[in-house]
>>> print(open('start-v2.cif').read())   # mmCIF, N, CA and C atoms and all ligand atoms
data_protein
loop_
_atom_site.label_atom_id
_atom_site.label_comp_id
_atom_site.auth_asym_id
_atom_site.auth_seq_id
_atom_site.Cartn_x
_atom_site.Cartn_y
_atom_site.Cartn_z
N MET A 142 -111.69 35.02 -37.95
CA MET A 142 -112.84 34.68 -37.12
C MET A 142 -114.10 34.53 -37.97
N VAL A 143 -114.80 33.42 -37.76
CA VAL A 143 -116.04 33.23 -38.52
C VAL A 143 -117.06 34.23 -38.01
N GLN A 144 -117.66 34.93 -38.94
CA GLN A 144 -118.59 36.02 -38.62
C GLN A 144 -119.89 35.83 -39.39
N ARG A 145 -120.91 36.54 -38.92
CA ARG A 145 -122.19 36.57 -39.64
C ARG A 145 -122.51 38.00 -40.03
N THR A 146 -123.18 38.15 -41.16
CA THR A 146 -123.63 39.47 -41.58
C THR A 146 -125.03 39.37 -42.15
N LEU A 147 -125.77 40.48 -42.09
CA LEU A 147 -127.11 40.49 -42.69
C LEU A 147 -127.01 41.02 -44.12
N SER A 148 -127.62 40.28 -45.03
CA SER A 148 -127.73 40.71 -46.42
C SER A 148 -129.21 40.87 -46.77
N ILE A 149 -129.50 41.87 -47.56
CA ILE A 149 -130.84 41.99 -48.14
C ILE A 149 -130.69 42.10 -49.65
N ILE A 150 -131.39 41.23 -50.38
CA ILE A 150 -131.51 41.42 -51.83
C ILE A 150 -132.75 42.29 -52.01
N LYS A 151 -132.53 43.50 -52.51
CA LYS A 151 -133.56 44.54 -52.48
C LYS A 151 -134.59 44.36 -53.60
N PRO A 152 -135.70 45.10 -53.50
CA PRO A 152 -136.80 44.94 -54.48
C PRO A 152 -136.40 45.10 -55.95
N ASP A 153 -135.45 45.97 -56.27
CA ASP A 153 -135.11 46.11 -57.69
C ASP A 153 -134.57 44.80 -58.26
N ALA A 154 -133.89 44.03 -57.41
CA ALA A 154 -133.31 42.75 -57.86
C ALA A 154 -134.36 41.63 -57.88
N THR A 155 -135.24 41.60 -56.87
CA THR A 155 -136.27 40.55 -56.90
C THR A 155 -137.20 40.79 -58.11
N CYS A 156 -137.47 42.07 -58.42
CA CYS A 156 -138.37 42.38 -59.56
C CYS A 156 -137.76 41.94 -60.89
N ARG A 157 -136.43 41.97 -60.98
CA ARG A 157 -135.78 41.56 -62.24
C ARG A 157 -135.41 40.08 -62.25
N ASN A 158 -135.83 39.35 -61.20
CA ASN A 158 -135.66 37.90 -61.18
C ASN A 158 -134.18 37.48 -61.22
N VAL A 159 -133.35 38.21 -60.47
CA VAL A 159 -131.93 37.88 -60.46
C VAL A 159 -131.44 37.44 -59.07
N THR A 160 -132.37 37.00 -58.22
CA THR A 160 -131.95 36.60 -56.87
C THR A 160 -131.05 35.37 -56.90
N GLY A 161 -131.32 34.47 -57.83
CA GLY A 161 -130.48 33.27 -57.95
C GLY A 161 -129.07 33.63 -58.39
N GLU A 162 -128.98 34.54 -59.35
CA GLU A 162 -127.65 34.95 -59.82
C GLU A 162 -126.86 35.63 -58.71
N ILE A 163 -127.55 36.44 -57.90
CA ILE A 163 -126.87 37.10 -56.78
C ILE A 163 -126.45 36.06 -55.74
N ASN A 164 -127.34 35.11 -55.45
CA ASN A 164 -126.95 34.06 -54.50
C ASN A 164 -125.76 33.26 -55.02
N HIS A 165 -125.71 33.06 -56.32
CA HIS A 165 -124.57 32.34 -56.89
C HIS A 165 -123.27 33.12 -56.63
N MET A 166 -123.31 34.42 -56.83
CA MET A 166 -122.10 35.23 -56.56
C MET A 166 -121.70 35.15 -55.08
N ILE A 167 -122.72 35.18 -54.21
CA ILE A 167 -122.46 35.10 -52.76
C ILE A 167 -121.79 33.78 -52.41
N GLU A 168 -122.34 32.69 -52.93
CA GLU A 168 -121.78 31.36 -52.60
C GLU A 168 -120.42 31.16 -53.26
N ALA A 169 -120.27 31.65 -54.48
CA ALA A 169 -118.98 31.50 -55.17
C ALA A 169 -117.87 32.26 -54.44
N ALA A 170 -118.26 33.30 -53.70
CA ALA A 170 -117.27 34.06 -52.93
C ALA A 170 -116.99 33.43 -51.57
N GLY A 171 -117.61 32.29 -51.29
CA GLY A 171 -117.27 31.55 -50.08
C GLY A 171 -118.19 31.76 -48.89
N PHE A 172 -119.26 32.51 -49.09
CA PHE A 172 -120.23 32.70 -47.99
C PHE A 172 -121.19 31.51 -47.96
N ARG A 173 -121.59 31.14 -46.74
CA ARG A 173 -122.67 30.17 -46.58
C ARG A 173 -123.94 30.95 -46.23
N ILE A 174 -125.03 30.66 -46.96
CA ILE A 174 -126.31 31.31 -46.67
C ILE A 174 -126.98 30.46 -45.60
N ILE A 175 -126.87 30.88 -44.34
CA ILE A 175 -127.32 30.02 -43.24
C ILE A 175 -128.74 30.35 -42.78
N ALA A 176 -129.34 31.39 -43.36
CA ALA A 176 -130.77 31.68 -43.15
C ALA A 176 -131.21 32.54 -44.33
N GLN A 177 -132.45 32.34 -44.73
CA GLN A 177 -132.93 33.11 -45.88
C GLN A 177 -134.45 33.06 -45.94
N LYS A 178 -135.07 34.22 -46.20
CA LYS A 178 -136.52 34.22 -46.45
C LYS A 178 -136.90 35.38 -47.34
N ARG A 179 -137.95 35.13 -48.14
CA ARG A 179 -138.49 36.16 -49.04
C ARG A 179 -139.66 36.79 -48.31
N ILE A 180 -139.58 38.10 -48.09
CA ILE A 180 -140.63 38.77 -47.31
C ILE A 180 -140.98 40.11 -47.96
N LEU A 181 -142.15 40.61 -47.58
CA LEU A 181 -142.50 41.98 -47.93
C LEU A 181 -142.22 42.81 -46.69
N ILE A 182 -141.18 43.61 -46.74
CA ILE A 182 -140.82 44.45 -45.60
C ILE A 182 -141.86 45.57 -45.52
N THR A 183 -142.43 45.77 -44.35
CA THR A 183 -143.44 46.83 -44.23
C THR A 183 -142.75 48.20 -44.19
N LEU A 184 -143.52 49.24 -44.49
CA LEU A 184 -142.96 50.59 -44.43
C LEU A 184 -142.47 50.89 -43.02
N GLU A 185 -143.21 50.44 -42.04
CA GLU A 185 -142.82 50.65 -40.64
C GLU A 185 -141.47 49.97 -40.33
N GLN A 186 -141.33 48.73 -40.78
CA GLN A 186 -140.06 48.01 -40.57
C GLN A 186 -138.90 48.72 -41.28
N ALA A 187 -139.16 49.17 -42.51
CA ALA A 187 -138.11 49.85 -43.29
C ALA A 187 -137.66 51.11 -42.57
N LYS A 188 -138.61 51.85 -42.02
CA LYS A 188 -138.28 53.10 -41.31
C LYS A 188 -137.42 52.82 -40.08
N LYS A 189 -137.74 51.73 -39.40
CA LYS A 189 -136.96 51.35 -38.21
C LYS A 189 -135.57 50.86 -38.64
N PHE A 190 -135.56 50.01 -39.67
CA PHE A 190 -134.29 49.42 -40.12
C PHE A 190 -133.30 50.50 -40.56
N TYR A 191 -133.79 51.51 -41.25
CA TYR A 191 -132.93 52.57 -41.78
C TYR A 191 -132.96 53.83 -40.92
N GLU A 192 -133.28 53.69 -39.64
CA GLU A 192 -133.48 54.91 -38.83
C GLU A 192 -132.21 55.77 -38.72
N VAL A 193 -131.02 55.15 -38.87
CA VAL A 193 -129.79 55.97 -38.84
C VAL A 193 -129.76 57.01 -39.96
N HIS A 194 -130.54 56.76 -41.00
CA HIS A 194 -130.57 57.69 -42.14
C HIS A 194 -131.74 58.66 -42.09
N GLN A 195 -132.43 58.73 -40.94
CA GLN A 195 -133.70 59.48 -40.95
C GLN A 195 -133.57 60.97 -41.25
N GLU A 196 -132.39 61.52 -41.04
CA GLU A 196 -132.21 62.95 -41.35
C GLU A 196 -131.81 63.19 -42.82
N LYS A 197 -131.55 62.10 -43.55
CA LYS A 197 -131.08 62.26 -44.93
C LYS A 197 -132.24 62.61 -45.86
N PRO A 198 -131.96 63.36 -46.90
CA PRO A 198 -133.04 63.75 -47.83
C PRO A 198 -133.68 62.56 -48.54
N PHE A 199 -132.93 61.47 -48.68
CA PHE A 199 -133.45 60.30 -49.42
C PHE A 199 -134.17 59.29 -48.53
N TYR A 200 -134.30 59.60 -47.22
CA TYR A 200 -134.83 58.62 -46.26
C TYR A 200 -136.23 58.09 -46.62
N ASN A 201 -137.15 58.99 -46.91
CA ASN A 201 -138.52 58.53 -47.20
C ASN A 201 -138.57 57.66 -48.45
N ASP A 202 -137.90 58.11 -49.51
CA ASP A 202 -137.88 57.34 -50.76
C ASP A 202 -137.23 55.97 -50.53
N LEU A 203 -136.16 55.97 -49.75
CA LEU A 203 -135.44 54.73 -49.45
C LEU A 203 -136.36 53.73 -48.75
N CYS A 204 -137.11 54.21 -47.76
CA CYS A 204 -138.00 53.32 -47.00
C CYS A 204 -139.16 52.83 -47.88
N GLU A 205 -139.68 53.73 -48.69
CA GLU A 205 -140.77 53.33 -49.59
C GLU A 205 -140.28 52.30 -50.61
N PHE A 206 -139.08 52.51 -51.12
CA PHE A 206 -138.52 51.55 -52.08
C PHE A 206 -138.33 50.18 -51.44
N LEU A 207 -137.74 50.15 -50.23
CA LEU A 207 -137.46 48.86 -49.59
C LEU A 207 -138.74 48.07 -49.32
N SER A 208 -139.84 48.79 -49.15
CA SER A 208 -141.11 48.09 -48.84
C SER A 208 -142.02 47.99 -50.07
N SER A 209 -141.50 48.30 -51.25
CA SER A 209 -142.34 48.38 -52.45
C SER A 209 -142.62 47.04 -53.12
N ALA A 210 -141.82 46.04 -52.83
CA ALA A 210 -141.92 44.72 -53.49
C ALA A 210 -141.13 43.74 -52.63
N PRO A 211 -141.23 42.44 -52.92
CA PRO A 211 -140.53 41.47 -52.07
C PRO A 211 -139.02 41.70 -52.00
N ALA A 212 -138.49 41.35 -50.85
CA ALA A 212 -137.03 41.38 -50.63
C ALA A 212 -136.63 40.00 -50.10
N ILE A 213 -135.36 39.66 -50.29
CA ILE A 213 -134.83 38.44 -49.67
C ILE A 213 -133.91 38.89 -48.54
N VAL A 214 -134.24 38.47 -47.32
CA VAL A 214 -133.33 38.75 -46.21
C VAL A 214 -132.56 37.47 -45.91
N GLN A 215 -131.28 37.63 -45.62
CA GLN A 215 -130.47 36.43 -45.44
C GLN A 215 -129.31 36.68 -44.46
N VAL A 216 -128.89 35.60 -43.82
CA VAL A 216 -127.73 35.66 -42.95
C VAL A 216 -126.60 34.92 -43.66
N LEU A 217 -125.47 35.60 -43.80
CA LEU A 217 -124.30 35.02 -44.47
C LEU A 217 -123.22 34.75 -43.44
N GLU A 218 -122.55 33.62 -43.59
CA GLU A 218 -121.49 33.25 -42.64
C GLU A 218 -120.20 32.96 -43.40
N LYS A 219 -119.11 33.46 -42.85
CA LYS A 219 -117.79 33.30 -43.48
C LYS A 219 -116.76 33.93 -42.55
N GLU A 220 -115.50 33.57 -42.71
CA GLU A 220 -114.44 34.34 -42.07
C GLU A 220 -114.60 35.79 -42.51
N ASN A 221 -114.54 36.72 -41.61
CA ASN A 221 -114.52 38.14 -41.98
C ASN A 221 -115.72 38.57 -42.83
N ALA A 222 -116.87 37.97 -42.52
CA ALA A 222 -118.05 38.13 -43.39
C ALA A 222 -118.49 39.59 -43.59
N VAL A 223 -118.40 40.39 -42.53
CA VAL A 223 -118.94 41.75 -42.63
C VAL A 223 -118.19 42.56 -43.69
N LEU A 224 -116.87 42.62 -43.54
CA LEU A 224 -116.07 43.40 -44.50
C LEU A 224 -116.04 42.76 -45.87
N ASP A 225 -115.93 41.42 -45.89
CA ASP A 225 -115.85 40.74 -47.18
C ASP A 225 -117.14 40.89 -47.98
N TYR A 226 -118.29 40.94 -47.29
CA TYR A 226 -119.53 41.13 -48.04
C TYR A 226 -119.64 42.57 -48.55
N ARG A 227 -119.16 43.53 -47.76
CA ARG A 227 -119.13 44.92 -48.26
C ARG A 227 -118.29 44.98 -49.55
N THR A 228 -117.18 44.25 -49.55
CA THR A 228 -116.32 44.23 -50.75
C THR A 228 -117.04 43.58 -51.92
N LEU A 229 -117.71 42.46 -51.66
CA LEU A 229 -118.43 41.77 -52.74
C LEU A 229 -119.58 42.62 -53.28
N MET A 230 -120.24 43.39 -52.40
CA MET A 230 -121.35 44.25 -52.86
C MET A 230 -120.86 45.35 -53.79
N GLY A 231 -119.73 45.96 -53.45
CA GLY A 231 -119.25 47.12 -54.21
C GLY A 231 -119.81 48.40 -53.62
N SER A 232 -119.36 49.53 -54.16
CA SER A 232 -119.71 50.81 -53.53
C SER A 232 -121.20 51.13 -53.70
N THR A 233 -121.70 51.97 -52.80
CA THR A 233 -123.12 52.32 -52.75
C THR A 233 -123.62 52.83 -54.11
N ASN A 234 -122.80 53.68 -54.73
CA ASN A 234 -123.16 54.18 -56.06
C ASN A 234 -122.56 53.24 -57.12
N PRO A 235 -123.39 52.55 -57.87
CA PRO A 235 -122.86 51.57 -58.82
C PRO A 235 -121.95 52.19 -59.87
N ALA A 236 -122.07 53.49 -60.08
CA ALA A 236 -121.20 54.17 -61.06
C ALA A 236 -119.74 54.04 -60.66
N SER A 237 -119.49 53.90 -59.35
CA SER A 237 -118.10 53.76 -58.93
C SER A 237 -117.79 52.37 -58.34
N ALA A 238 -118.67 51.41 -58.59
CA ALA A 238 -118.44 50.05 -58.07
C ALA A 238 -117.39 49.33 -58.92
N ASP A 239 -116.56 48.52 -58.24
CA ASP A 239 -115.51 47.77 -58.94
C ASP A 239 -116.10 46.63 -59.77
N GLU A 240 -115.36 46.27 -60.83
CA GLU A 240 -115.68 45.07 -61.61
C GLU A 240 -115.76 43.86 -60.69
N GLY A 241 -116.67 42.96 -60.98
CA GLY A 241 -116.76 41.74 -60.20
C GLY A 241 -117.64 41.86 -58.97
N THR A 242 -118.16 43.07 -58.70
CA THR A 242 -119.03 43.24 -57.53
C THR A 242 -120.50 43.08 -57.94
N ILE A 243 -121.32 42.79 -56.92
CA ILE A 243 -122.76 42.60 -57.18
C ILE A 243 -123.37 43.90 -57.71
N ARG A 244 -123.00 45.02 -57.11
CA ARG A 244 -123.60 46.29 -57.54
C ARG A 244 -123.14 46.68 -58.94
N LYS A 245 -121.89 46.40 -59.29
CA LYS A 245 -121.42 46.68 -60.65
C LYS A 245 -122.28 45.90 -61.65
N LYS A 246 -122.56 44.65 -61.31
CA LYS A 246 -123.27 43.78 -62.24
C LYS A 246 -124.77 44.06 -62.27
N PHE A 247 -125.37 44.36 -61.11
CA PHE A 247 -126.83 44.38 -61.07
C PHE A 247 -127.48 45.71 -60.70
N ALA A 248 -126.76 46.59 -60.01
CA ALA A 248 -127.43 47.82 -59.54
C ALA A 248 -127.79 48.73 -60.70
N ILE A 249 -128.91 49.41 -60.53
CA ILE A 249 -129.41 50.31 -61.58
C ILE A 249 -128.96 51.74 -61.29
N SER A 250 -128.94 52.10 -60.01
CA SER A 250 -128.64 53.48 -59.60
C SER A 250 -128.30 53.48 -58.11
N ILE A 251 -127.94 54.64 -57.58
CA ILE A 251 -127.55 54.69 -56.16
C ILE A 251 -128.71 54.27 -55.25
N ASP A 252 -129.94 54.52 -55.66
CA ASP A 252 -131.06 54.13 -54.79
C ASP A 252 -131.55 52.71 -55.09
N LYS A 253 -131.47 52.29 -56.33
CA LYS A 253 -131.85 50.90 -56.66
C LYS A 253 -130.57 50.09 -56.83
N ASN A 254 -129.91 49.84 -55.70
CA ASN A 254 -128.57 49.24 -55.78
C ASN A 254 -128.51 47.79 -55.33
N SER A 255 -129.65 47.11 -55.41
CA SER A 255 -129.74 45.63 -55.41
C SER A 255 -129.46 44.89 -54.11
N VAL A 256 -128.54 45.39 -53.28
CA VAL A 256 -128.21 44.66 -52.06
C VAL A 256 -127.90 45.59 -50.89
N HIS A 257 -128.13 45.06 -49.71
CA HIS A 257 -127.71 45.70 -48.45
C HIS A 257 -126.77 44.73 -47.74
N GLY A 258 -125.78 45.26 -47.05
CA GLY A 258 -124.94 44.46 -46.17
C GLY A 258 -124.61 45.25 -44.93
N SER A 259 -124.56 44.58 -43.78
CA SER A 259 -124.24 45.26 -42.52
C SER A 259 -122.87 45.94 -42.62
N ASP A 260 -122.72 47.07 -41.92
CA ASP A 260 -121.46 47.81 -42.04
C ASP A 260 -120.50 47.62 -40.87
N SER A 261 -120.88 46.85 -39.85
CA SER A 261 -119.98 46.54 -38.74
C SER A 261 -120.49 45.26 -38.06
N PRO A 262 -119.62 44.57 -37.33
CA PRO A 262 -120.07 43.37 -36.61
C PRO A 262 -121.19 43.70 -35.62
N GLU A 263 -121.10 44.86 -34.96
CA GLU A 263 -122.15 45.25 -33.99
C GLU A 263 -123.49 45.42 -34.71
N ASN A 264 -123.47 46.12 -35.84
CA ASN A 264 -124.72 46.30 -36.58
C ASN A 264 -125.21 44.99 -37.20
N ALA A 265 -124.28 44.11 -37.56
CA ALA A 265 -124.70 42.81 -38.10
C ALA A 265 -125.54 42.06 -37.05
N THR A 266 -125.08 42.07 -35.80
CA THR A 266 -125.83 41.39 -34.74
C THR A 266 -127.22 42.00 -34.59
N ILE A 267 -127.29 43.32 -34.59
CA ILE A 267 -128.58 44.02 -34.43
C ILE A 267 -129.48 43.73 -35.64
N GLU A 268 -128.93 43.81 -36.83
CA GLU A 268 -129.74 43.64 -38.05
C GLU A 268 -130.21 42.20 -38.23
N ILE A 269 -129.37 41.22 -37.85
CA ILE A 269 -129.79 39.81 -37.94
C ILE A 269 -130.97 39.58 -37.00
N LYS A 270 -130.88 40.11 -35.79
CA LYS A 270 -131.98 39.97 -34.81
C LYS A 270 -133.24 40.66 -35.29
N PHE A 271 -133.07 41.72 -36.08
CA PHE A 271 -134.23 42.48 -36.59
C PHE A 271 -135.12 41.58 -37.46
N PHE A 272 -134.53 40.67 -38.21
CA PHE A 272 -135.31 39.85 -39.15
C PHE A 272 -135.42 38.38 -38.78
N PHE A 273 -134.52 37.86 -37.93
CA PHE A 273 -134.49 36.42 -37.70
C PHE A 273 -134.51 36.07 -36.22
N SER A 274 -135.21 34.98 -35.91
CA SER A 274 -135.10 34.39 -34.58
C SER A 274 -133.99 33.33 -34.65
N GLU A 275 -133.45 32.96 -33.51
CA GLU A 275 -132.34 31.99 -33.47
C GLU A 275 -132.69 30.69 -34.19
N THR A 276 -133.94 30.25 -34.05
CA THR A 276 -134.31 28.95 -34.63
C THR A 276 -134.39 28.99 -36.17
N GLU A 277 -134.41 30.17 -36.73
CA GLU A 277 -134.43 30.27 -38.20
C GLU A 277 -133.04 30.25 -38.81
N ILE A 278 -132.03 30.33 -37.96
CA ILE A 278 -130.65 30.38 -38.45
C ILE A 278 -130.02 29.01 -38.22
N VAL A 279 -129.66 28.37 -39.32
CA VAL A 279 -129.13 27.00 -39.22
C VAL A 279 -127.73 26.99 -39.82
N GLY A 280 -126.74 27.11 -38.96
CA GLY A 280 -125.36 27.26 -39.41
C GLY A 280 -124.70 25.94 -39.79
P1 LIG B 301 -124.82 51.15 -48.11
O1 LIG B 301 -126.09 50.45 -48.54
O2 LIG B 301 -123.74 50.99 -49.13
O3 LIG B 301 -124.39 50.78 -46.73
P2 LIG B 301 -125.71 53.68 -46.96
O4 LIG B 301 -125.84 52.96 -45.67
O5 LIG B 301 -124.92 54.95 -46.98
O6 LIG B 301 -125.13 52.73 -48.11
O7 LIG B 301 -127.16 54.06 -47.51
C1 LIG B 301 -128.23 53.14 -47.38
C2 LIG B 301 -128.97 53.07 -48.68
O8 LIG B 301 -129.57 54.34 -48.93
C3 LIG B 301 -128.10 52.82 -49.92
O9 LIG B 301 -127.83 51.46 -50.16
C4 LIG B 301 -128.97 53.41 -51.01
O10 LIG B 301 -130.01 52.49 -51.35
C5 LIG B 301 -129.59 54.60 -50.33
N1 LIG B 301 -128.81 55.83 -50.59
C6 LIG B 301 -127.60 56.16 -50.07
N2 LIG B 301 -127.19 57.35 -50.53
C7 LIG B 301 -128.16 57.78 -51.37
C8 LIG B 301 -128.33 58.96 -52.16
N3 LIG B 301 -127.41 59.92 -52.20
N4 LIG B 301 -129.47 59.05 -52.90
C9 LIG B 301 -130.40 58.09 -52.88
N5 LIG B 301 -130.30 56.96 -52.15
C10 LIG B 301 -129.20 56.80 -51.41
MG MG B 302 -125.30 51.12 -44.90
#
>>> encode(input="start-v2.cif", output="structure tokens")
Amino acid sequence: MVQRTLSIIKPDATCRNVTGEINHMIEAAGFRIIAQKRILITLEQAKKFYEVHQEKPFYNDLCEFLSSAPAIVQVLEKENAVLDYRTLMGSTNPASADEGTIRKKFAISIDKNSVHGSDSPENATIEIKFFFSETEIVG
């Protein structure tokens, strides 16, 4: 089934000027980037976006990091996009990410790990709506 997922290229990656290289990996893996914009996520938006993590000790730092510099938010489309993008990203901690994954190649640490991807189809729908209106998504 063709699915959509939300991807974010996080501030550590935009700061190192590797957004094109990451997009190349995304496209080479068969995803279509059907919406994309470079934005400064506000602290308020970051807190809302990551609210499931609000009890975690890293929550404040995580939200401050996400809003610290530009991010690229994008909608990716592919068969099985949600799970396949999680696979392409690699594990949250780059120390244990597999070869060939975005996080293995670009992540600096567990907190500066270069990309976000939705973790379920339900959350993908919610997260896509969080950043995009229907008219911004051109499949
Ligand atoms: P993922 O991004 O792989 O879905 P989570 O949803 O568990 O991972 O966590 C969201 C984000 O919070 C991670 O991508 C990472 O930036 C940050 N994070 C997760 N665990 C930690 C941790 N132990 N210390 C610092 N930051 C963390
Ligand atoms: Mg997550």
>>> closest_residue(input="start-v2.cif", among="A:Ser259, A:Ser274, A:Asn264, A:Gln215", to="ligand LIG 301 (chain B)", atoms="all atoms listed in the file")
A:Ser259
>>> residues_near_ligand(input="start-v2.cif", ligand="ligand MG 302 (chain B)", cutoff="10 Å", atoms="only C-alpha atoms and all ligand atoms", output="PDB file with N, CA and C atoms, in the coordinates of the input")
ATOM      1  N   TYR A 191    -133.790  51.510 -41.250  1.00  0.00           N
ATOM      2  CA  TYR A 191    -132.930  52.570 -41.780  1.00  0.00           C
ATOM      3  C   TYR A 191    -132.960  53.830 -40.920  1.00  0.00           C
ATOM      4  N   VAL A 193    -131.020  55.150 -38.870  1.00  0.00           N
ATOM      5  CA  VAL A 193    -129.790  55.970 -38.840  1.00  0.00           C
ATOM      6  C   VAL A 193    -129.760  57.010 -39.960  1.00  0.00           C
ATOM      7  N   HIS A 194    -130.540  56.760 -41.000  1.00  0.00           N
ATOM      8  CA  HIS A 194    -130.570  57.690 -42.140  1.00  0.00           C
ATOM      9  C   HIS A 194    -131.740  58.660 -42.090  1.00  0.00           C
ATOM     10  N   ARG A 227    -119.160  43.530 -47.760  1.00  0.00           N
ATOM     11  CA  ARG A 227    -119.130  44.920 -48.260  1.00  0.00           C
ATOM     12  C   ARG A 227    -118.290  44.980 -49.550  1.00  0.00           C
ATOM     13  N   THR A 233    -121.700  51.970 -52.800  1.00  0.00           N
ATOM     14  CA  THR A 233    -123.120  52.320 -52.750  1.00  0.00           C
ATOM     15  C   THR A 233    -123.620  52.830 -54.110  1.00  0.00           C
ATOM     16  N   HIS A 257    -128.130  45.060 -49.710  1.00  0.00           N
ATOM     17  CA  HIS A 257    -127.710  45.700 -48.450  1.00  0.00           C
ATOM     18  C   HIS A 257    -126.770  44.730 -47.740  1.00  0.00           C
ATOM     19  N   GLY A 258    -125.780  45.260 -47.050  1.00  0.00           N
ATOM     20  CA  GLY A 258    -124.940  44.460 -46.170  1.00  0.00           C
ATOM     21  C   GLY A 258    -124.610  45.250 -44.930  1.00  0.00           C
ATOM     22  N   SER A 259    -124.560  44.580 -43.780  1.00  0.00           N
ATOM     23  CA  SER A 259    -124.240  45.260 -42.520  1.00  0.00           C
ATOM     24  C   SER A 259    -122.870  45.940 -42.620  1.00  0.00           C
ATOM     25  N   ASP A 260    -122.720  47.070 -41.920  1.00  0.00           N
ATOM     26  CA  ASP A 260    -121.460  47.810 -42.040  1.00  0.00           C
ATOM     27  C   ASP A 260    -120.500  47.620 -40.870  1.00  0.00           C
ATOM     28  N   SER A 261    -120.880  46.850 -39.850  1.00  0.00           N
ATOM     29  CA  SER A 261    -119.980  46.540 -38.740  1.00  0.00           C
ATOM     30  C   SER A 261    -120.490  45.260 -38.060  1.00  0.00           C
ATOM     31  N   ASN A 264    -123.470  46.120 -35.840  1.00  0.00           N
ATOM     32  CA  ASN A 264    -124.720  46.300 -36.580  1.00  0.00           C
ATOM     33  C   ASN A 264    -125.210  44.990 -37.200  1.00  0.00           C
TER      34      ASN A 264
END
>>> residues_near_ligand(input="start-v2.cif", ligand="ligand LIG 301 (chain B)", cutoff="6 Å", atoms="only N, CA and C atoms and all ligand atoms", output="PyMOL selection string")
chain A and resi 199+203+232-233+251-254+256-258
>>> write_last_selection(input="start-v2.cif", atoms="N, CA and C atoms", output="tab-separated table (two decimals), in the coordinates of the input")
chain	number	residue	atom	x	y	z
A	199	PHE	N	-132.93	61.47	-48.68
A	199	PHE	CA	-133.45	60.30	-49.42
A	199	PHE	C	-134.17	59.29	-48.53
A	203	LEU	N	-136.16	55.97	-49.75
A	203	LEU	CA	-135.44	54.73	-49.45
A	203	LEU	C	-136.36	53.73	-48.75
A	232	SER	N	-119.36	49.53	-54.16
A	232	SER	CA	-119.71	50.81	-53.53
A	232	SER	C	-121.20	51.13	-53.70
A	233	THR	N	-121.70	51.97	-52.80
A	233	THR	CA	-123.12	52.32	-52.75
A	233	THR	C	-123.62	52.83	-54.11
A	251	ILE	N	-127.94	54.64	-57.58
A	251	ILE	CA	-127.55	54.69	-56.16
A	251	ILE	C	-128.71	54.27	-55.25
A	252	ASP	N	-129.94	54.52	-55.66
A	252	ASP	CA	-131.06	54.13	-54.79
A	252	ASP	C	-131.55	52.71	-55.09
A	253	LYS	N	-131.47	52.29	-56.33
A	253	LYS	CA	-131.85	50.90	-56.66
A	253	LYS	C	-130.57	50.09	-56.83
A	254	ASN	N	-129.91	49.84	-55.70
A	254	ASN	CA	-128.57	49.24	-55.78
A	254	ASN	C	-128.51	47.79	-55.33
A	256	VAL	N	-128.54	45.39	-53.28
A	256	VAL	CA	-128.21	44.66	-52.06
A	256	VAL	C	-127.90	45.59	-50.89
A	257	HIS	N	-128.13	45.06	-49.71
A	257	HIS	CA	-127.71	45.70	-48.45
A	257	HIS	C	-126.77	44.73	-47.74
A	258	GLY	N	-125.78	45.26	-47.05
A	258	GLY	CA	-124.94	44.46	-46.17
A	258	GLY	C	-124.61	45.25	-44.93
>>> select_by_dssp(input="start-v2.cif", residues="chain A", states="alpha helix (DSSP H)", output="PyMOL selection string")
chain A and resi 152-156+160-169+184-190+200-207+222-230+243-247+262-272
>>> atom_distance(input="start-v2.cif", atom1="atom N of A:Ser209", atom2="atom N of A:Pro152")
7.0 Å
>>> residues_around(input="start-v2.cif", residues="A:Ile149", least_positions_apart="2", cutoff="12 Å", atoms="only C-alpha atoms", output="JSON, numbers by chain")
{"A": [146, 147, 151, 152, 153, 154, 155, 160, 163, 164, 167, 174, 176, 177, 178, 179, 180, 181, 182, 187, 190, 207, 208, 211, 212, 213, 214, 215, 216, 217, 226, 230, 254, 255, 256, 257, 258, 259, 265, 268, 269, 272]}
